[in-house]
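This is work-v1.txt (compact mmCIF, C-alpha atoms and all ligand atoms).
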```
# COMPACT_ATOMS: atom_id res chain seq x y z
CA MET Z 106 0.00 0.00 0.00
CA LEU Z 107 1.12 3.50 -0.84
CA PHE Z 108 1.11 4.80 2.74
CA GLU Z 109 3.33 1.95 3.94
CA GLN Z 110 5.69 2.39 0.98
CA VAL Z 111 6.03 6.09 1.77
CA GLU Z 112 6.69 5.26 5.44
CA GLU Z 113 9.38 2.78 4.49
CA ALA Z 114 11.15 5.40 2.35
CA ARG Z 115 10.77 8.00 5.08
CA LYS Z 116 12.25 5.72 7.72
CA TYR Z 117 15.20 4.88 5.51
CA LEU Z 118 15.85 8.55 4.70
CA SER Z 119 15.46 9.82 8.25
CA GLN Z 120 19.04 8.70 8.99
CA TYR Z 121 20.21 11.39 6.55
CA CYS Z 122 18.16 14.22 8.07
CA LYS Z 123 20.38 16.54 10.06
CA ASN Z 124 17.85 19.36 10.12
CA GLU Z 125 14.19 20.14 9.97
CA TYR Z 126 13.50 20.52 6.26
CA LYS Z 127 10.39 22.51 5.44
CA ILE Z 128 11.32 23.33 1.84
CA GLY Z 129 11.46 20.79 -0.96
CA MET Z 130 12.66 21.41 -4.48
CA VAL Z 131 12.26 19.59 -7.74
CA LEU Z 132 15.22 20.67 -9.79
CA GLY Z 133 13.92 20.24 -13.28
CA THR Z 134 15.46 21.72 -16.36
CA GLY Z 135 16.54 25.20 -15.36
CA LEU Z 136 17.23 24.68 -11.68
CA GLY Z 137 19.75 21.87 -12.01
CA ALA Z 138 22.62 24.27 -11.36
CA LEU Z 139 21.07 25.12 -8.01
CA ALA Z 140 22.27 21.72 -6.78
CA GLU Z 141 25.82 23.07 -7.09
CA VAL Z 142 25.25 25.91 -4.63
CA ILE Z 143 23.61 23.73 -1.99
CA GLU Z 144 25.89 23.02 0.93
CA VAL Z 145 25.32 19.28 0.85
CA GLU Z 146 24.77 17.47 4.14
CA SER Z 147 24.01 14.18 2.47
CA SER Z 148 22.96 12.96 -0.93
CA VAL Z 149 21.17 9.68 -1.52
CA PRO Z 150 20.95 8.09 -4.98
CA TYR Z 151 17.34 7.36 -5.90
CA ALA Z 152 18.25 3.74 -6.55
CA GLN Z 153 19.09 3.34 -2.86
CA ILE Z 154 15.74 4.60 -1.56
CA PRO Z 155 13.07 1.96 -0.84
CA ASN Z 156 10.13 2.10 -3.27
CA PHE Z 157 11.50 4.99 -5.34
CA PRO Z 158 10.87 4.56 -9.07
CA VAL Z 159 13.60 2.56 -10.77
CA SER Z 160 15.37 4.64 -13.41
CA THR Z 161 14.78 3.77 -17.02
CA VAL Z 162 17.82 3.43 -19.25
CA GLU Z 163 17.60 6.84 -20.88
CA SER Z 164 16.70 8.84 -17.83
CA HIS Z 165 19.23 10.33 -15.46
CA ALA Z 166 19.71 8.42 -12.28
CA GLY Z 167 18.97 11.19 -9.82
CA GLU Z 168 19.65 11.79 -6.18
CA LEU Z 169 17.98 13.32 -3.20
CA ILE Z 170 20.08 16.10 -1.70
CA PHE Z 171 19.76 17.16 1.94
CA GLY Z 172 21.52 20.41 2.62
CA LEU Z 173 21.57 24.13 3.24
CA LEU Z 174 20.90 26.73 0.61
CA ASP Z 175 22.17 30.05 1.91
CA GLY Z 176 21.67 28.64 5.39
CA VAL Z 177 18.11 27.42 4.78
CA PRO Z 178 17.55 23.65 5.13
CA VAL Z 179 16.24 22.15 1.88
CA ILE Z 180 15.67 18.74 0.38
CA ALA Z 181 16.24 18.86 -3.36
CA MET Z 182 15.34 16.29 -5.96
CA SER Z 183 18.15 16.44 -8.45
CA GLY Z 184 16.45 14.77 -11.37
CA ARG Z 185 12.78 13.95 -11.77
CA PHE Z 186 10.68 11.21 -13.31
CA HIS Z 187 8.44 11.78 -16.33
CA TYR Z 188 5.33 10.02 -17.56
CA TYR Z 189 6.87 9.62 -21.02
CA GLU Z 190 9.63 7.49 -19.53
CA GLY Z 191 7.02 4.86 -18.73
CA TYR Z 192 6.18 5.65 -15.10
CA SER Z 193 2.58 5.98 -14.02
CA ALA Z 194 1.58 9.35 -12.57
CA LYS Z 195 1.44 7.67 -9.15
CA GLU Z 196 4.96 6.27 -9.50
CA LEU Z 197 6.59 9.45 -10.78
CA SER Z 198 5.05 11.52 -7.98
CA PHE Z 199 6.01 9.08 -5.20
CA PRO Z 200 9.03 11.21 -4.19
CA ILE Z 201 6.69 14.14 -3.44
CA ARG Z 202 4.83 11.93 -0.94
CA VAL Z 203 8.14 11.09 0.67
CA LEU Z 204 9.15 14.76 0.91
CA LYS Z 205 5.86 15.44 2.67
CA ALA Z 206 6.42 12.55 5.07
CA LEU Z 207 9.87 13.99 5.85
CA GLY Z 208 8.25 17.25 6.94
CA VAL Z 209 8.35 19.35 3.77
CA GLU Z 210 5.57 21.94 3.71
CA LYS Z 211 6.54 24.07 0.70
CA LEU Z 212 7.50 22.75 -2.69
CA ILE Z 213 9.36 24.64 -5.40
CA LEU Z 214 9.36 23.06 -8.85
CA SER Z 215 10.97 24.15 -12.08
CA ASN Z 216 10.64 23.00 -15.65
CA ALA Z 217 11.38 23.91 -19.24
CA ALA Z 218 8.33 24.78 -21.27
CA GLY Z 219 7.23 25.96 -24.66
CA SER Z 220 5.35 29.25 -24.91
CA THR Z 221 1.92 29.37 -26.53
CA ASN Z 222 1.40 33.01 -25.67
CA GLU Z 223 2.50 35.58 -28.22
CA SER Z 224 3.92 37.86 -25.53
CA ILE Z 225 6.02 35.19 -23.79
CA ASP Z 226 9.41 34.61 -25.44
CA ALA Z 227 12.16 32.04 -25.32
CA GLY Z 228 14.40 32.76 -22.32
CA ASP Z 229 11.55 34.23 -20.25
CA ILE Z 230 10.94 33.18 -16.66
CA VAL Z 231 7.26 32.48 -16.03
CA VAL Z 232 5.69 31.78 -12.66
CA ILE Z 233 2.87 29.26 -13.04
CA ARG Z 234 -0.45 30.70 -11.89
CA ASP Z 235 -2.65 27.75 -12.82
CA HIS Z 236 -2.64 24.62 -14.93
CA ILE Z 237 -4.70 22.60 -17.37
CA ASN Z 238 -4.12 18.88 -16.98
CA LEU Z 239 -4.10 17.02 -20.29
CA HIS Z 240 -2.07 14.09 -18.96
CA PRO Z 241 -3.77 10.76 -19.62
CA ASP Z 242 -3.16 9.64 -16.03
CA ASN Z 243 -3.80 11.04 -12.57
CA PRO Z 244 -1.66 10.26 -9.52
CA LEU Z 245 -4.76 10.14 -7.30
CA ARG Z 246 -6.50 7.51 -9.43
CA GLY Z 247 -7.49 4.40 -7.51
CA MET Z 248 -8.23 3.86 -3.85
CA ASN Z 249 -7.69 6.94 -1.71
CA ASP Z 250 -5.87 6.65 1.60
CA GLU Z 251 -7.18 9.38 3.88
CA ARG Z 252 -3.87 9.35 5.76
CA LEU Z 253 -2.30 10.88 2.63
CA GLY Z 254 -5.06 13.30 1.71
CA ILE Z 255 -8.74 13.65 0.91
CA ARG Z 256 -10.55 11.93 -1.96
CA PHE Z 257 -11.56 15.07 -3.83
CA PRO Z 258 -8.97 17.80 -3.26
CA ASP Z 259 -10.01 21.29 -4.24
CA MET Z 260 -7.64 22.90 -6.75
CA LEU Z 261 -8.57 26.56 -6.37
CA HIS Z 262 -5.50 27.61 -4.40
CA THR Z 263 -3.03 25.17 -5.93
CA TYR Z 264 -0.37 27.70 -6.92
CA SER Z 265 0.20 29.73 -3.79
CA LYS Z 266 -0.65 33.38 -4.27
CA ARG Z 267 1.62 34.26 -1.37
CA LEU Z 268 4.63 32.61 -2.99
CA ARG Z 269 3.82 34.12 -6.39
CA MET Z 270 3.69 37.57 -4.80
CA LEU Z 271 7.02 36.94 -3.06
CA CYS Z 272 8.50 36.08 -6.46
CA LYS Z 273 7.12 39.21 -8.05
CA LYS Z 274 8.52 41.40 -5.31
CA ALA Z 275 11.92 39.73 -5.44
CA ALA Z 276 12.04 39.96 -9.23
CA GLY Z 277 11.37 43.70 -9.01
CA GLU Z 278 14.18 44.15 -6.52
CA LEU Z 279 16.58 42.10 -8.62
CA ASP Z 280 15.48 43.77 -11.86
CA ILE Z 281 14.57 40.39 -13.35
CA LYS Z 282 11.58 40.37 -15.66
CA ILE Z 283 9.09 37.64 -14.83
CA LYS Z 284 5.68 36.81 -16.21
CA GLU Z 285 2.80 34.67 -14.98
CA GLY Z 286 0.97 32.03 -16.94
CA VAL Z 287 -1.14 28.91 -17.23
CA TYR Z 288 0.80 25.68 -17.79
CA VAL Z 289 -0.69 22.93 -19.92
CA GLY Z 290 0.73 19.47 -19.26
CA LEU Z 291 0.83 16.79 -21.94
CA GLN Z 292 2.37 13.35 -21.83
CA GLY Z 293 5.06 13.85 -24.53
CA PRO Z 294 7.69 12.81 -25.46
CA ASN Z 295 7.03 14.31 -28.87
CA LEU Z 296 6.58 18.05 -29.02
CA GLU Z 297 3.30 19.38 -30.36
CA THR Z 298 2.02 19.85 -33.88
CA PRO Z 299 1.20 23.42 -34.97
CA ALA Z 300 -2.51 22.60 -34.60
CA GLU Z 301 -1.89 21.40 -31.04
CA TYR Z 302 0.04 24.57 -30.11
CA LYS Z 303 -2.85 26.59 -31.48
CA PHE Z 304 -5.31 24.47 -29.47
CA ILE Z 305 -3.29 25.07 -26.30
CA ASN Z 306 -3.39 28.81 -26.94
CA ILE Z 307 -7.13 28.74 -27.58
CA ILE Z 308 -7.94 26.87 -24.37
CA GLY Z 309 -6.03 29.45 -22.34
CA GLY Z 310 -2.59 27.90 -22.07
CA ASP Z 311 0.47 30.15 -21.97
CA LEU Z 312 3.00 27.35 -21.47
CA VAL Z 313 3.25 23.73 -22.48
CA GLY Z 314 5.37 20.96 -21.03
CA MET Z 315 5.60 17.31 -20.06
CA SER Z 316 6.11 17.38 -16.31
CA THR Z 317 5.11 19.15 -13.10
CA ILE Z 318 1.33 18.59 -13.08
CA PRO Z 319 1.26 15.09 -11.53
CA GLU Z 320 3.74 16.26 -8.87
CA VAL Z 321 1.70 19.39 -8.18
CA ILE Z 322 -1.51 17.37 -7.82
CA VAL Z 323 0.17 15.19 -5.21
CA ALA Z 324 1.57 18.26 -3.45
CA ARG Z 325 -1.94 19.70 -3.35
CA HIS Z 326 -3.38 16.41 -2.11
CA SER Z 327 -0.72 16.54 0.63
CA GLU Z 328 -1.60 20.14 1.45
CA MET Z 329 1.77 21.57 0.52
CA GLU Z 330 2.23 25.15 -0.60
CA VAL Z 331 3.43 25.14 -4.21
CA LEU Z 332 5.60 27.45 -6.28
CA ALA Z 333 6.26 26.33 -9.84
CA ILE Z 334 8.38 28.23 -12.33
CA SER Z 335 8.96 27.62 -16.02
CA VAL Z 336 11.91 28.64 -18.08
CA VAL Z 337 10.69 29.12 -21.64
CA SER Z 338 12.88 27.17 -24.03
CA ASN Z 339 10.98 27.67 -27.26
CA LYS Z 340 8.29 29.92 -28.60
CA CYS Z 341 5.42 28.00 -30.18
CA PHE Z 342 2.94 30.72 -30.99
CA PRO Z 343 1.85 32.21 -33.32
CA ILE Z 344 2.23 29.09 -35.40
CA GLU Z 345 3.37 31.03 -38.49
CA SER Z 346 6.63 31.77 -36.68
CA LEU Z 347 7.32 28.16 -35.62
CA THR Z 348 10.71 26.64 -36.32
CA GLU Z 349 11.90 23.13 -35.54
CA THR Z 350 12.92 22.58 -31.92
CA THR Z 351 15.72 20.25 -30.85
CA LEU Z 352 16.63 19.09 -27.36
CA ASP Z 353 20.02 20.82 -27.71
CA GLU Z 354 18.30 24.15 -28.34
CA VAL Z 355 15.98 23.63 -25.39
CA ILE Z 356 18.92 22.97 -23.09
CA GLU Z 357 20.97 25.89 -24.45
CA VAL Z 358 18.19 28.45 -24.04
CA VAL Z 359 17.29 27.19 -20.59
CA ASN Z 360 20.88 27.17 -19.37
CA LYS Z 361 21.26 30.79 -20.46
CA ALA Z 362 18.16 31.80 -18.50
CA SER Z 363 18.77 29.61 -15.48
CA ASP Z 364 20.99 32.17 -13.73
CA LYS Z 365 17.98 34.49 -13.42
CA LEU Z 366 15.82 31.70 -12.05
CA ILE Z 367 18.41 30.62 -9.52
CA LYS Z 368 18.92 34.22 -8.32
CA LEU Z 369 15.17 34.57 -7.93
CA VAL Z 370 14.74 31.37 -5.94
CA ARG Z 371 17.70 32.16 -3.67
CA SER Z 372 16.34 35.60 -2.94
CA ILE Z 373 12.93 34.36 -1.76
CA LEU Z 374 14.09 31.33 0.17
CA ALA Z 375 14.57 33.09 3.49
CA ASP Z 376 11.06 34.61 3.31
CA ILE Z 377 9.25 31.45 2.29
N1 LIG Z 401 6.26 21.19 -25.82
C1 LIG Z 401 6.23 20.34 -24.77
N2 LIG Z 401 7.14 20.33 -23.83
C2 LIG Z 401 8.15 21.20 -23.91
C3 LIG Z 401 8.25 22.10 -24.98
C4 LIG Z 401 7.25 22.10 -25.98
O1 LIG Z 401 7.25 22.87 -26.96
N3 LIG Z 401 9.37 22.84 -24.78
C5 LIG Z 401 9.93 22.39 -23.61
N4 LIG Z 401 9.19 21.40 -23.10
```
In structure tokens, what does this structure look like?
Ligand code: HPA
Amino acid sequence: MLFEQVEEARKYLSQYCKNEYKIGMVLGTGLGALAEVIEVESSVPYAQIPNFPVSTVESHAGELIFGLLDGVPVIAMSGRFHYYEGYSAKELSFPIRVLKALGVEKLILSNAAGSTNESIDAGDIVVIRDHINLHPDNPLRGMNDERLGIRFPDMLHTYSKRLRMLCKKAAGELDIKIKEGVYVGLQGPNLETPAEYKFINIIGGDLVGMSTIPEVIVARHSEMEVLAISVVSNKCFPIESLTETTLDEVIEVVNKASDKLIKLVRSILADI
């Protein structure tokens, strides 16, 4: 059962906890470099943690980092699991359950995303205000264990207004331009057709990507406060201006913008 599996992972990891960690981070594309500025207390390869998803061949074998970021205790997931790798939504979001069990109350996630909003460009930093879930799977599907959360979680306050405001304020002080938007999550791994990008724009999506939503649903189910930030890697709208996108381009654009994102996250950490 899920609850027991989470407990087993928690018990195993508790030997590595030297602090009280209230902040968790999912270092997706864009925040990976943040791992390098964490003063590491311990790092545990995912493969060592009971019940964690087993890495597929192509995916990075990640690790869970316990440490201090500018003096603030954090647990960071360096590397995440994606639906397109073959994991179910429940499996790929299991680490979020474990973070919660370890005491994490606030979760910061980052990702790379395409922009389906004409006024959001490649290289922009966009704080996610809301999402539209077009994943074919839901991490809460199946029997609900009330010890983990309620059957029908409300999603109105999923993306914490308080944390979004903190970001806005910090961005102003740092002179970093940020935008806000609605993230649409699809399963991938292929990118979208022009007609699909147009569809995403029409339904109110500003960003499109292949991660984050299952993790955020679990965070919400676990009553965590969520901050999710996208780094825009490619502009997908209007469709007349579309060019082919390669993974190398995505990584290059995101790496260039990641400094801004890392500065932003570091500057709000103490106030979170
Ligand atoms: N589509 C889906 N996921 C993405 C994209 C995109 O255009 N860019 C980065 N992640």
> Hey, what's within 9 Å of Ser193 in chain Z if we count all atoms listed in the file and toss same-chain stuff fewer than 5 positions away? As an MDAnalysis selection string, please?
Replying inline: chainID Z and resid 187:188 198 242:244
>> Which residues are near range 333-343 of chain Z? Cut-off 9 Å, all atoms listed in the file, ignore same chain within fewer than 4 positions. Put them as a VMD selection string.
In response: chain Z and resid 134 to 135 212 to 223 225 to 234 264 269 285 288 297 299 302 to 303 306 312 317 321 347 to 348 350 354 to 359 362 to 363 366
Coordinates of box centre and edge lengths for ligand LIG 401 (chain Z), 6 Å on every side, axis-aligned, as lines of an AutoDock Vina configuration file:
```
center_x = 8.1
center_y = 21.6
center_z = -25.0
size_x = 15.7
size_y = 14.5
size_z = 15.9
```
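Across Z:Asn238, Z:Gln153, Z:Ser183, Z:Thr298, the tightest approach to Gly167 in chain Z is made by Z:Ser183 when counting only C-alpha atoms.
Between Asp259 in chain Z and the candidates Z:Val131, Z:His326, Z:Ala181, Z:Ser160, the tightest atom-to-atom separation, counting only C-alpha atoms, involves Z:His326.
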> Between CA of Val287 in chain Z and CA of His236 in chain Z, what is the distance, to one decimal in Å?
Replying inline: 5.1 Å
> Can you find the residues with an atom no farther than 9 Å from (9.1, 31.2, 2.1), counting all atoms listed in the file, and report them as an MDAnalysis selection string?
Replying inline: chainID Z and resid 128 211 267:268 271 373:377
> Which residue gives the smallest distance to Glu168 in chain Z among Z:Arg185, Z:Arg202, Z:His262, Z:Arg252, with all atoms listed in the file counted?
Replying inline: Z:Arg185
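Among Z:Glu112, Z:Phe257, Z:Leu173, Z:Gly184, the residue with the shortest atom-to-atom distance to Asn156 in chain Z, counting only C-alpha atoms, is Z:Glu112.
You will find CA of Val145 in chain Z at 13.9 Å from CA of Met130 in chain Z.
For the residues Z:Met248, Z:Leu239, Z:Met270, Z:Ile307, ranking by smallest atom-to-atom distance to ligand LIG 401 (chain Z) using only C-alpha atoms and all ligand atoms places Z:Leu239 first.
All polymer residues at most 10 Å from (8.3, 11.9, -3.4), using all atoms listed in the file, appear as Val111, Ala114, Arg115, Gly129, Val131, Asn156, Phe157, Pro158, Leu169, Met182, Arg185, Lys195, Glu196, Leu197, Ser198, Phe199, Pro200, Ile201, Arg202, Val203, Leu204, Lys205, Ala206, Leu207, Glu320, Val323 and Ala324 of chain Z.
Interatomic distance, CA of Gly208 in chain Z to CA of Cys272 in chain Z: 23.1 Å.
For the set Z:Leu332, Z:Leu245, Z:Ile305, Z:Leu296, the residue with the smallest atom-to-atom gap to ligand LIG 401 (chain Z) is Z:Leu296, counting only C-alpha atoms and all ligand atoms.
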